[in-house]
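Student: File coords-v6.cif below, mmCIF, C-alpha atoms:
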data_target
loop_
_atom_site.label_atom_id
_atom_site.label_comp_id
_atom_site.auth_asym_id
_atom_site.auth_seq_id
_atom_site.Cartn_x
_atom_site.Cartn_y
_atom_site.Cartn_z
CA MET A 14 -6.12 29.91 -5.16
CA ALA A 15 -5.42 26.61 -6.92
CA THR A 16 -2.76 24.32 -5.46
CA ASP A 17 -0.51 24.49 -8.51
CA GLU A 18 -0.58 28.33 -8.38
CA ARG A 19 0.83 28.54 -4.88
CA THR A 20 3.48 25.81 -4.89
CA ALA A 21 6.19 28.02 -6.38
CA THR A 22 6.11 30.65 -3.63
CA ASP A 23 4.17 29.45 -0.59
CA PRO A 24 5.94 27.22 1.93
CA ILE A 25 4.35 23.95 3.00
CA PRO A 26 2.37 24.54 6.23
CA GLN A 27 4.00 23.35 9.44
CA PHE A 28 2.98 19.93 10.74
CA PRO A 29 2.81 19.08 14.45
CA PRO A 30 5.98 18.16 16.35
CA GLY A 31 6.64 14.44 16.11
CA PHE A 32 4.86 14.05 12.78
CA LEU A 33 6.51 11.08 11.03
CA TRP A 34 7.91 11.56 7.52
CA GLY A 35 9.05 8.58 5.49
CA VAL A 36 9.20 6.63 2.24
CA SER A 37 7.97 3.13 1.42
CA THR A 38 9.03 0.09 -0.62
CA SER A 39 8.18 -3.61 -0.75
CA ALA A 40 10.40 -6.67 -0.78
CA HIS A 41 9.33 -8.30 -4.04
CA GLN A 42 9.53 -5.02 -5.92
CA ILE A 43 13.09 -4.10 -4.98
CA GLU A 44 15.06 -6.92 -3.35
CA GLY A 45 15.91 -9.24 -6.23
CA ALA A 46 18.07 -12.21 -5.14
CA ALA A 47 15.15 -14.46 -6.00
CA GLY A 48 17.40 -17.50 -6.06
CA GLU A 49 18.29 -16.95 -2.41
CA ARG A 50 14.77 -17.50 -1.09
CA GLU A 51 11.80 -19.81 -1.53
CA PRO A 52 9.50 -18.96 -4.46
CA SER A 53 6.40 -16.82 -3.99
CA VAL A 54 3.12 -16.70 -5.88
CA TRP A 55 4.57 -13.74 -7.78
CA ASP A 56 7.50 -15.82 -9.03
CA ALA A 57 5.04 -18.39 -10.36
CA PHE A 58 2.81 -15.70 -11.85
CA THR A 59 5.58 -13.84 -13.70
CA ALA A 60 6.92 -17.11 -15.09
CA GLU A 61 3.70 -17.49 -17.10
CA PRO A 62 3.92 -15.80 -20.53
CA GLY A 63 1.69 -12.75 -20.91
CA ARG A 64 1.16 -12.10 -17.21
CA VAL A 65 3.51 -9.07 -17.06
CA LYS A 66 3.16 -6.46 -19.77
CA ASP A 67 6.87 -6.18 -20.60
CA GLY A 68 7.59 -9.84 -19.92
CA SER A 69 9.91 -9.00 -17.02
CA THR A 70 10.31 -10.56 -13.59
CA ALA A 71 11.58 -9.39 -10.20
CA GLU A 72 14.47 -11.86 -10.19
CA VAL A 73 16.91 -8.95 -9.94
CA ALA A 74 14.55 -5.95 -9.50
CA CYS A 75 16.65 -3.16 -7.91
CA ASP A 76 19.06 -5.68 -6.32
CA HIS A 77 18.37 -4.06 -2.96
CA TYR A 78 19.33 -7.35 -1.30
CA HIS A 79 22.95 -6.71 -2.27
CA ARG A 80 22.83 -2.88 -2.41
CA TYR A 81 20.91 -2.11 0.77
CA ARG A 82 23.78 -0.07 2.24
CA GLU A 83 23.70 2.22 -0.80
CA ASP A 84 19.93 2.57 -0.44
CA VAL A 85 20.13 3.30 3.29
CA ALA A 86 22.64 6.04 2.46
CA LEU A 87 20.03 7.51 0.10
CA LEU A 88 17.50 7.44 2.93
CA ALA A 89 19.94 9.16 5.26
CA GLY A 90 20.66 11.82 2.62
CA LEU A 91 16.94 12.36 2.15
CA GLY A 92 16.53 13.04 5.86
CA VAL A 93 13.41 10.94 6.45
CA ASP A 94 12.40 9.90 9.95
CA ALA A 95 11.37 6.41 8.90
CA TYR A 96 11.63 3.79 6.17
CA ARG A 97 8.72 1.47 5.52
CA PHE A 98 9.83 -1.82 3.93
CA SER A 99 8.34 -5.29 3.82
CA VAL A 100 9.76 -8.57 5.02
CA SER A 101 9.52 -11.37 2.48
CA TRP A 102 7.76 -14.39 3.98
CA PRO A 103 9.43 -16.71 1.42
CA ARG A 104 12.85 -15.33 2.41
CA VAL A 105 12.13 -15.86 6.10
CA ASN A 106 11.20 -19.46 5.25
CA THR A 107 14.67 -19.92 3.79
CA PRO A 108 17.52 -20.85 6.18
CA GLY A 109 19.40 -17.68 7.00
CA GLY A 110 16.79 -15.49 5.32
CA LEU A 111 16.14 -13.37 8.40
CA ASP A 112 19.83 -12.48 8.55
CA PHE A 113 19.29 -10.01 5.70
CA TYR A 114 16.65 -8.11 7.66
CA ASP A 115 18.88 -8.14 10.73
CA ARG A 116 21.57 -6.41 8.68
CA LEU A 117 19.10 -3.97 7.10
CA VAL A 118 17.56 -2.98 10.44
CA ASP A 119 21.00 -2.47 11.99
CA GLU A 120 22.02 -0.28 9.04
CA LEU A 121 18.85 1.80 9.36
CA CYS A 122 19.27 2.27 13.10
CA ALA A 123 22.89 3.31 12.61
CA ALA A 124 21.72 5.90 10.07
CA GLY A 125 19.09 7.28 12.44
CA VAL A 126 16.16 6.03 10.31
CA ARG A 127 13.29 4.23 12.06
CA PRO A 128 12.46 0.81 10.57
CA VAL A 129 8.74 0.39 9.84
CA VAL A 130 8.10 -3.25 8.95
CA THR A 131 5.28 -4.51 6.74
CA LEU A 132 4.82 -8.23 7.34
CA PHE A 133 2.88 -9.09 4.18
CA HIS A 134 3.04 -7.21 0.89
CA TRP A 135 1.51 -9.75 -1.53
CA ASP A 136 4.48 -12.17 -1.88
CA LEU A 137 2.79 -15.24 -0.39
CA PRO A 138 4.89 -18.43 -0.32
CA VAL A 139 3.88 -20.48 -3.34
CA THR A 140 2.92 -23.41 -1.10
CA LEU A 141 0.18 -21.39 0.65
CA ASP A 142 -3.26 -20.16 -0.43
CA TRP A 143 -5.42 -17.41 1.06
CA LEU A 144 -8.51 -19.42 0.12
CA GLN A 145 -7.51 -21.76 2.94
CA ARG A 146 -8.30 -20.64 6.48
CA ASP A 147 -5.14 -22.25 7.84
CA THR A 148 -3.03 -19.65 6.00
CA ALA A 149 -4.11 -17.07 8.60
CA SER A 150 -2.68 -19.23 11.38
CA ARG A 151 0.48 -19.87 9.41
CA PHE A 152 0.86 -16.11 8.98
CA ALA A 153 0.64 -15.57 12.74
CA GLU A 154 3.40 -18.16 13.26
CA TYR A 155 5.63 -16.39 10.74
CA VAL A 156 4.91 -13.03 12.40
CA SER A 157 6.01 -14.43 15.76
CA VAL A 158 9.32 -15.52 14.24
CA VAL A 159 9.99 -12.10 12.70
CA ALA A 160 9.00 -10.20 15.84
CA GLY A 161 11.17 -12.46 17.97
CA ARG A 162 14.19 -11.64 15.80
CA LEU A 163 13.68 -7.94 15.02
CA GLY A 164 11.42 -6.70 17.80
CA ASP A 165 14.23 -5.27 19.91
CA ARG A 166 14.91 -2.66 17.18
CA VAL A 167 11.64 -2.36 15.25
CA HIS A 168 8.97 -0.39 17.05
CA LYS A 169 6.41 0.21 14.31
CA TRP A 170 4.67 -2.72 12.59
CA ILE A 171 2.23 -3.13 9.69
CA THR A 172 0.46 -6.48 9.43
CA LEU A 173 -0.85 -6.44 5.84
CA ASN A 174 -0.58 -4.20 2.82
CA GLU A 175 -3.69 -3.57 0.74
CA PRO A 176 -5.72 -6.76 1.26
CA ALA A 177 -8.40 -5.22 -0.99
CA GLU A 178 -6.11 -5.14 -4.03
CA HIS A 179 -4.66 -8.55 -3.26
CA THR A 180 -8.20 -9.93 -3.14
CA LEU A 181 -9.58 -8.06 -6.15
CA LEU A 182 -6.61 -8.10 -8.52
CA GLY A 183 -5.08 -11.40 -7.50
CA HIS A 184 -8.11 -13.57 -6.85
CA ALA A 185 -11.20 -11.96 -8.41
CA LEU A 186 -9.89 -10.52 -11.71
CA GLY A 187 -6.66 -12.46 -12.22
CA ALA A 188 -4.55 -9.40 -13.06
CA HIS A 189 -2.09 -10.05 -10.20
CA ALA A 190 -0.66 -13.17 -8.59
CA PRO A 191 -1.88 -15.81 -8.08
CA GLY A 192 -3.91 -15.02 -11.20
CA ARG A 193 -7.31 -16.40 -10.23
CA GLN A 194 -10.55 -15.13 -11.77
CA LEU A 195 -13.04 -16.06 -9.07
CA MET A 196 -15.06 -12.85 -9.09
CA PHE A 197 -17.20 -12.80 -5.92
CA ASP A 198 -16.07 -16.29 -4.96
CA ALA A 199 -12.83 -14.54 -3.94
CA LEU A 200 -14.48 -13.08 -0.81
CA PRO A 201 -13.03 -15.80 1.48
CA VAL A 202 -9.60 -14.40 0.58
CA ALA A 203 -10.66 -11.05 2.06
CA HIS A 204 -11.93 -12.69 5.23
CA HIS A 205 -8.86 -14.88 5.72
CA GLN A 206 -6.52 -11.91 5.28
CA LEU A 207 -8.48 -9.89 7.82
CA LEU A 208 -8.39 -12.86 10.20
CA ALA A 209 -4.63 -13.10 9.60
CA HIS A 210 -4.35 -9.44 10.55
CA GLY A 211 -6.12 -10.01 13.87
CA LEU A 212 -4.05 -13.08 14.67
CA ALA A 213 -0.90 -11.16 13.76
CA VAL A 214 -1.82 -8.32 16.11
CA ARG A 215 -2.17 -10.86 18.91
CA ALA A 216 1.15 -12.50 17.96
CA LEU A 217 2.92 -9.15 17.95
CA ARG A 218 1.48 -8.19 21.33
CA ALA A 219 2.56 -11.58 22.73
CA ALA A 220 6.08 -10.87 21.48
CA GLY A 221 6.11 -7.54 23.32
CA ALA A 222 5.55 -5.41 20.22
CA ALA A 223 3.61 -2.15 20.25
CA ASP A 224 2.76 0.56 17.70
CA ILE A 225 0.87 -1.81 15.40
CA GLY A 226 -1.24 -0.90 12.37
CA ILE A 227 -2.33 -2.02 8.92
CA ALA A 228 -1.98 -0.42 5.47
CA ASN A 229 -5.36 -0.42 3.74
CA SER A 230 -5.95 1.29 0.41
CA HIS A 231 -8.81 3.79 0.33
CA GLY A 232 -10.17 6.52 -1.87
CA PRO A 233 -13.42 8.44 -2.27
CA THR A 234 -16.00 6.89 -4.57
CA TRP A 235 -17.83 9.42 -6.71
CA PRO A 236 -21.11 8.53 -8.52
CA ALA A 237 -20.93 9.10 -12.26
CA SER A 238 -24.18 11.07 -12.03
CA GLY A 239 -27.08 11.73 -9.69
CA LYS A 240 -29.13 8.94 -11.28
CA GLN A 241 -30.25 6.29 -8.81
CA GLU A 242 -28.54 3.45 -10.70
CA ASP A 243 -25.20 5.30 -10.67
CA VAL A 244 -25.51 6.21 -7.00
CA GLU A 245 -26.32 2.60 -6.05
CA ALA A 246 -23.42 1.26 -8.13
CA ALA A 247 -21.04 3.71 -6.47
CA GLU A 248 -22.31 2.73 -3.02
CA PHE A 249 -21.69 -0.94 -3.79
CA TYR A 250 -18.18 -0.20 -5.07
CA ASP A 251 -17.46 1.81 -1.92
CA VAL A 252 -18.54 -1.12 0.24
CA LEU A 253 -16.38 -3.53 -1.73
CA LEU A 254 -13.18 -1.49 -1.86
CA ASN A 255 -13.41 0.65 1.28
CA ARG A 256 -15.85 -0.50 3.94
CA LEU A 257 -15.34 -4.26 3.51
CA PHE A 258 -11.79 -3.81 4.82
CA ALA A 259 -12.32 -0.96 7.29
CA ASP A 260 -15.62 -1.78 9.01
CA PRO A 261 -14.53 -5.17 10.44
CA LEU A 262 -11.32 -3.66 11.82
CA LEU A 263 -12.81 -0.49 13.25
CA LEU A 264 -16.42 -1.44 14.03
CA GLY A 265 -16.15 -5.19 14.54
CA ARG A 266 -18.71 -5.97 11.85
CA TYR A 267 -19.02 -6.33 8.09
CA PRO A 268 -21.21 -3.98 6.04
CA ASP A 269 -24.83 -5.15 5.83
CA GLY A 270 -25.17 -8.44 3.98
CA MET A 271 -21.44 -9.12 3.55
CA ASP A 272 -21.07 -11.32 6.63
CA GLU A 273 -23.42 -13.85 5.03
CA LEU A 274 -20.91 -14.30 2.19
CA MET A 275 -17.95 -15.03 4.43
CA PRO A 276 -16.73 -18.48 5.50
CA GLY A 277 -16.53 -19.97 8.98
CA ASP A 278 -17.81 -18.67 12.29
CA VAL A 279 -17.87 -15.03 11.26
CA HIS A 280 -19.07 -13.76 14.66
CA SER A 281 -16.11 -15.33 16.47
CA ASP A 282 -13.66 -14.33 13.75
CA LEU A 283 -14.74 -10.68 13.94
CA LYS A 284 -13.64 -10.56 17.57
CA VAL A 285 -10.15 -11.46 16.39
CA ILE A 286 -10.24 -9.19 13.33
CA ALA A 287 -11.20 -6.21 15.49
CA GLU A 288 -8.21 -6.52 17.83
CA PRO A 289 -7.39 -2.88 18.65
CA VAL A 290 -4.60 -1.31 16.63
CA ASP A 291 -2.48 1.67 17.63
CA TRP A 292 -2.95 3.48 14.34
CA TYR A 293 -4.65 3.00 10.98
CA GLY A 294 -2.62 3.15 7.78
CA ILE A 295 -4.14 4.49 4.57
CA ASN A 296 -2.64 4.16 1.10
CA TYR A 297 -4.15 6.90 -1.06
CA TYR A 298 -3.66 7.51 -4.77
CA ALA A 299 -6.88 8.76 -6.39
CA PRO A 300 -10.68 8.85 -6.17
CA THR A 301 -12.78 6.57 -8.36
CA ARG A 302 -15.79 7.62 -10.43
CA VAL A 303 -18.31 4.80 -10.62
CA GLY A 304 -21.59 4.25 -12.45
CA ALA A 305 -24.05 1.53 -13.34
CA PRO A 306 -22.85 -1.40 -15.48
CA GLN A 307 -22.50 -0.58 -19.18
CA GLY A 308 -22.70 -4.13 -20.53
CA ALA A 309 -19.16 -4.23 -21.89
CA GLU A 310 -15.59 -4.70 -20.74
CA ILE A 311 -13.88 -1.51 -19.53
CA GLU A 312 -10.21 -0.63 -19.67
CA PHE A 313 -9.25 1.17 -16.47
CA GLY A 314 -5.86 1.85 -14.89
CA GLY A 315 -4.19 -0.89 -16.88
CA LEU A 316 -6.96 -3.38 -16.04
CA THR A 317 -9.71 -4.97 -18.08
CA LEU A 318 -12.86 -4.97 -15.96
CA PRO A 319 -15.42 -7.63 -16.92
CA ALA A 320 -18.84 -6.64 -18.19
CA GLU A 321 -20.60 -8.76 -15.54
CA LEU A 322 -19.48 -6.56 -12.64
CA PRO A 323 -22.41 -4.73 -10.96
CA PHE A 324 -20.70 -1.38 -11.57
CA SER A 325 -18.52 0.34 -14.14
CA VAL A 326 -15.52 2.55 -13.51
CA ARG A 327 -15.61 5.79 -15.46
CA GLU A 328 -13.06 8.44 -16.35
CA THR A 329 -12.60 11.11 -13.67
CA GLU A 330 -12.95 14.13 -15.91
CA GLY A 331 -11.55 17.59 -15.35
CA HIS A 332 -8.30 16.54 -13.67
CA PRO A 333 -4.76 15.93 -14.95
CA VAL A 334 -3.55 12.33 -14.98
CA THR A 335 -0.24 10.63 -14.19
CA ASP A 336 1.69 8.55 -16.71
CA PHE A 337 -0.30 5.60 -15.35
CA GLY A 338 -3.55 7.38 -16.26
CA TRP A 339 -4.57 7.91 -12.64
CA PRO A 340 -6.33 11.24 -11.93
CA VAL A 341 -4.48 13.75 -9.76
CA VAL A 342 -6.96 15.02 -7.18
CA PRO A 343 -5.25 16.19 -3.97
CA GLU A 344 -8.47 17.55 -2.47
CA ALA A 345 -9.90 14.02 -2.53
CA LEU A 346 -7.37 13.07 0.15
CA THR A 347 -8.87 15.71 2.45
CA GLU A 348 -12.34 14.41 1.57
CA LEU A 349 -11.31 10.83 2.30
CA LEU A 350 -9.82 11.61 5.71
CA THR A 351 -12.61 13.87 6.91
CA GLY A 352 -15.11 11.29 5.64
CA PHE A 353 -13.39 8.53 7.62
CA ARG A 354 -13.48 10.68 10.74
CA ALA A 355 -17.19 11.32 10.24
CA ARG A 356 -17.97 7.65 9.58
CA TYR A 357 -15.92 6.02 12.33
CA GLY A 358 -15.72 8.76 14.97
CA ASP A 359 -13.87 7.69 18.10
CA ARG A 360 -13.40 4.20 16.68
CA LEU A 361 -10.84 5.60 14.23
CA PRO A 362 -7.36 5.54 15.77
CA PRO A 363 -4.63 7.96 14.69
CA VAL A 364 -4.06 7.77 10.93
CA VAL A 365 -0.80 7.39 9.02
CA ILE A 366 -0.66 7.85 5.24
CA THR A 367 1.41 4.75 4.51
CA GLU A 368 1.57 5.32 0.73
CA ASN A 369 1.03 8.28 -1.56
CA GLY A 370 2.78 8.78 -4.87
CA CYS A 371 2.62 8.84 -8.64
CA SER A 372 4.18 7.44 -11.80
CA TYR A 373 6.06 9.86 -14.04
CA GLU A 374 9.02 9.47 -16.35
CA GLY A 375 12.21 11.50 -16.17
CA VAL A 376 14.74 12.61 -13.59
CA ASP A 377 13.60 16.25 -13.68
CA ASP A 378 10.18 15.15 -12.43
CA GLN A 379 8.41 18.43 -11.82
CA GLU A 380 5.02 16.69 -12.13
CA ARG A 381 5.86 14.50 -9.13
CA ILE A 382 6.89 17.54 -7.12
CA ALA A 383 3.55 19.21 -7.90
CA TYR A 384 1.71 16.00 -7.01
CA LEU A 385 3.44 15.62 -3.64
CA ASP A 386 3.14 19.31 -2.85
CA GLY A 387 -0.60 19.25 -3.51
CA HIS A 388 -1.22 16.11 -1.47
CA ILE A 389 0.85 17.24 1.51
CA ARG A 390 -1.15 20.48 1.56
CA ALA A 391 -4.39 18.46 1.33
CA LEU A 392 -3.20 16.33 4.24
CA HIS A 393 -2.59 19.46 6.29
CA ARG A 394 -6.13 20.65 5.56
CA ALA A 395 -7.41 17.36 7.00
CA LEU A 396 -5.35 18.01 10.12
CA GLU A 397 -6.87 21.47 10.39
CA ALA A 398 -10.32 19.87 10.09
CA GLY A 399 -9.62 17.73 13.14
CA VAL A 400 -8.36 14.44 11.69
CA ASP A 401 -5.60 12.95 13.85
CA VAL A 402 -2.94 12.22 11.22
CA ARG A 403 0.47 11.23 12.57
CA GLY A 404 2.61 10.50 9.49
CA TYR A 405 3.11 10.53 5.73
CA PHE A 406 5.09 8.06 3.57
CA VAL A 407 5.90 8.67 -0.08
CA TRP A 408 5.63 5.76 -2.48
CA SER A 409 8.37 5.09 -3.37
CA LEU A 410 12.07 5.44 -2.64
CA LEU A 411 13.13 3.65 -5.84
CA ASP A 412 11.82 2.99 -9.32
CA ASN A 413 10.98 -0.68 -9.03
CA PHE A 414 9.18 -3.74 -10.41
CA GLU A 415 5.62 -2.44 -10.68
CA TRP A 416 3.80 -5.77 -10.51
CA ALA A 417 1.91 -6.64 -13.73
CA GLU A 418 3.23 -3.45 -15.35
CA GLY A 419 6.81 -4.70 -15.05
CA TYR A 420 9.34 -1.88 -15.28
CA ALA A 421 7.14 0.40 -17.37
CA ARG A 422 6.07 2.61 -14.44
CA ARG A 423 8.34 4.79 -12.33
CA PHE A 424 7.14 5.81 -8.87
CA GLY A 425 10.55 6.49 -7.31
CA LEU A 426 12.17 9.57 -5.85
CA VAL A 427 15.33 7.86 -7.08
CA HIS A 428 15.74 6.81 -10.71
CA VAL A 429 17.02 3.27 -11.20
CA ASP A 430 18.61 2.23 -14.49
CA HIS A 431 17.22 -1.27 -14.78
CA GLU A 432 20.19 -2.37 -16.92
CA THR A 433 23.07 -1.03 -14.78
CA LEU A 434 21.10 -0.62 -11.50
CA GLU A 435 22.67 2.82 -11.08
CA ARG A 436 20.72 5.06 -8.69
CA THR A 437 20.17 8.73 -9.57
CA PRO A 438 18.23 11.00 -7.20
CA LYS A 439 15.48 12.87 -9.08
CA ALA A 440 14.43 16.49 -8.67
CA SER A 441 11.63 15.24 -6.39
CA TYR A 442 14.22 13.66 -4.07
CA GLY A 443 15.86 17.07 -3.66
CA TRP A 444 12.49 18.76 -3.18
CA PHE A 445 11.41 16.30 -0.47
CA ARG A 446 14.83 16.57 1.21
CA ASP A 447 14.51 20.34 1.31
CA LEU A 448 10.97 20.09 2.70
CA LEU A 449 12.21 17.87 5.52
CA ARG A 450 15.13 20.18 6.28
CA ALA A 451 12.77 23.15 6.47
CA ARG A 452 10.98 21.58 9.45
CA GLY A 453 13.54 23.38 11.61
#
Re-express the file's structure as structure tokens.
Tutor:
Amino acid sequence: MATDERTATDPIPQFPPGFLWGVSTSAHQIEGAAGEREPSVWDAFTAEPGRVKDGSTAEVACDHYHRYREDVALLAGLGVDAYRFSVSWPRVNTPGGLDFYDRLVDELCAAGVRPVVTLFHWDLPVTLDWLQRDTASRFAEYVSVVAGRLGDRVHKWITLNEPAEHTLLGHALGAHAPGRQLMFDALPVAHHQLLAHGLAVRALRAAGAADIGIANSHGPTWPASGKQEDVEAAEFYDVLLNRLFADPLLLGRYPDGMDELMPGDVHSDLKVIAEPVDWYGINYYAPTRVGAPQGAEIEFGGLTLPAELPFSVRETEGHPVTDFGWPVVPEALTELLTGFRARYGDRLPPVVITENGCSYEGVDDQERIAYLDGHIRALHRALEAGVDVRGYFVWSLLDNFEWAEGYARRFGLVHVDHETLERTPKASYGWFRDLLRARG
């Protein structure tokens, strides 16, 4: 029976006791109050004409900085166990900047919602550069400051969010901040972020922190056909977007041939990168269908992919798509998780789905309900297949500033009027609330 045929009548299967349910956001996308912190690379990027499709910035965003109590009340009404948010490094660099996170964490604890802190979600201080190795050390210093201030109340930490996208979109293709188009010369950015992760794990442990993970983006890579050139292109894409960021963390080595492209003493760095984590976070949205290069630029997911790439991304046919054009394939989440368990075996720690969501317009967002229903069922099938999954976070609590898309995409369970900033819970908010209440 197809997923969409059973959602109307069949209850969601029961998850194990202690399974963590939450929602996620990021600082730059919701906080606003840009004038009350140091600038980030995203402030510089959005100030350049043509960088953001609707010409907008995150100067105000959802004004969460001033409305956090209202947003925490929405979290409490939703009934989630945990709230994943990011700390803005540029705000922490500003005198008094950590005071905001002190207030937010206190408000969350008072509401019975566990704070889950992401320490880097793409908003690098404008004075720093991931091409420079020293940025990894600077990150560890910043992490120590945050842990020293919040560690008595925060018990679940995420070092980095999606270093693959920050490398690819921000430094290889130029679609995100800082807007560089380095292609494969961006690989040092990947290595330095992974090194920063390892140093951050050590800094957190030194500060007495536990329950540490990372949020890497992953998805199955499907060859466009059985032809050898398509299979090889898909394998390369899988290495670049999946294994390049998982293998060093979980196996202590880069995929074959990639270590030769990395800077510095890679052997010594890998010992730091592979510092054991308590759990492994996965952001999942969709699979990717990949084939051999086609000799022309390709429009994909709002991006223009250059012709010189050694692969081409193709349409994933036979599946509905979100308003963003991303295919909706819940069963690919099961495939991803069981594939990770097969690839990494006992080296894979417990998994948390740190992001999963979709962009749809409207407050009566039945498409989002169907999407979440299907993916939660797919997650349960992975549990039944033996994958140790400990939590699931919806992206996102609020409609927000969606990076280079501006305010054109809506991922929230809560609608935000970007003129008045009024919050309106959507149908999906009520559906998720009812799901959480039904846990008994």
Student: By how many Å are atom CA of His280 of chain A and atom CA of Phe258 of chain A apart?
Tutor: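 We find that atom CA of His280 of chain A and atom CA of Phe258 of chain A lie 15.8 Å from each other.
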Student: Given the file shown, enumerate the residues that the PyMOL selection byres ((chain A and resi 213-223) around 9) captures and present them as an MDAnalysis selection string.
Tutor: chainID A and resid 149:150 152:157 160:161 164:165 167:170 172 208:212 224:226 285:286 288:291
Student: Env of Val279 of chain A: 12 Å cut, atoms = all atoms listed in the file, seq-sep filter 3 positions within chain, self excluded. Answer as a list in words.
Tutor: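 What passes the distance filter is Pro201, His204, His205, Leu207, Leu208, Pro261, Gly265, Arg266, Tyr267, Met271, Asp272, Glu273, Leu274, Met275, Pro276, Asp282, Leu283, Lys284, Val285, Ile286 and Ala287 of chain A.
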Student: Please report, as JSON, the centre and edge lengths in Å to one decimal of an axis-aligned box covering all listed atoms of segment 279-292 of chain A with 4 Å per side.
Tutor:
{"center_x": -10.8, "center_y": -5.9, "center_z": 15.0, "size_x": 24.6, "size_y": 26.8, "size_z": 15.4}
Student: Which residues, written as a VMD selection string, have at least one atom at most 12 Å from segment 138-140 of chain A, with only C-alpha atoms counted and residues fewer than 2 positions away on the same chain left out?
Tutor: chain A and resid 41 50 to 58 101 to 107 133 to 136 142 to 143 145 148 151 to 152 155 190 to 191
Student: In Å, with one decimal, what is the gap from atom CA of Phe98 of chain A to atom CA of Arg422 of chain A?
Tutor: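 Atom-to-atom, atom CA of Phe98 of chain A and atom CA of Arg422 of chain A are spaced 19.3 Å apart.
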Student: What's the separation between atom CA of Glu242 of chain A and atom CA of Gly304 of chain A, in Å to one decimal place?
Tutor: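 Distance reported for this atom pair: 7.2 Å.
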Student: Considering all atoms listed in the file, state which residue in the set A:Glu83, A:Asp94, A:Glu328, A:Glu432 is at the smallest distance from Tyr420 of chain A.
Tutor: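 Looking only at the distances to Tyr420 of chain A, the closest residue turns out to be A:Glu432.
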Student: Give me the result of the PyMOL selection byres ((chain A and resi 443-451) around 8) on this file, residue by residue, as a list in words.
Tutor: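 In the shown coordinates, the PyMOL selection byres ((chain A and resi 443-451) around 8) covers Ile25, Trp34, Gly90, Leu91, Gly92, Val93, Ile382, Pro438, Lys439, Ala440, Ser441, Tyr442, Arg452 and Gly453 of chain A.
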Student: I'd like to know which of A:Ala345, A:Ile171, A:Val126, A:Leu181 is closest to Trp235 of chain A, using only C-alpha atoms.
Tutor: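 Checking each candidate against Trp235 of chain A, we get A:Ala345 as the closest.
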Student: Restricting the calculation to only C-alpha atoms, which member of A:Ser230, A:Thr329, A:Thr433, A:Thr335 is positioned closest to Arg256 of chain A?
Tutor: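 Between A:Ser230, A:Thr329, A:Thr433, A:Thr335, the residue approaching Arg256 of chain A most closely is A:Ser230.
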Student: A:Phe324, A:Trp416, A:Tyr96, A:Tyr297: which is nearest Thr347 of chain A, counting only C-alpha atoms?
Tutor: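 Using only C-alpha atoms, the shortest distance to Thr347 of chain A belongs to A:Tyr297.
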Student: Given the choices A:Pro306, A:Ala417, A:Leu318, A:Arg166, which gets closest to Ala60 of chain A if the distance is worked out from all atoms listed in the file?
Tutor: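 For Ala60 of chain A, the nearest of the given residues is A:Ala417.
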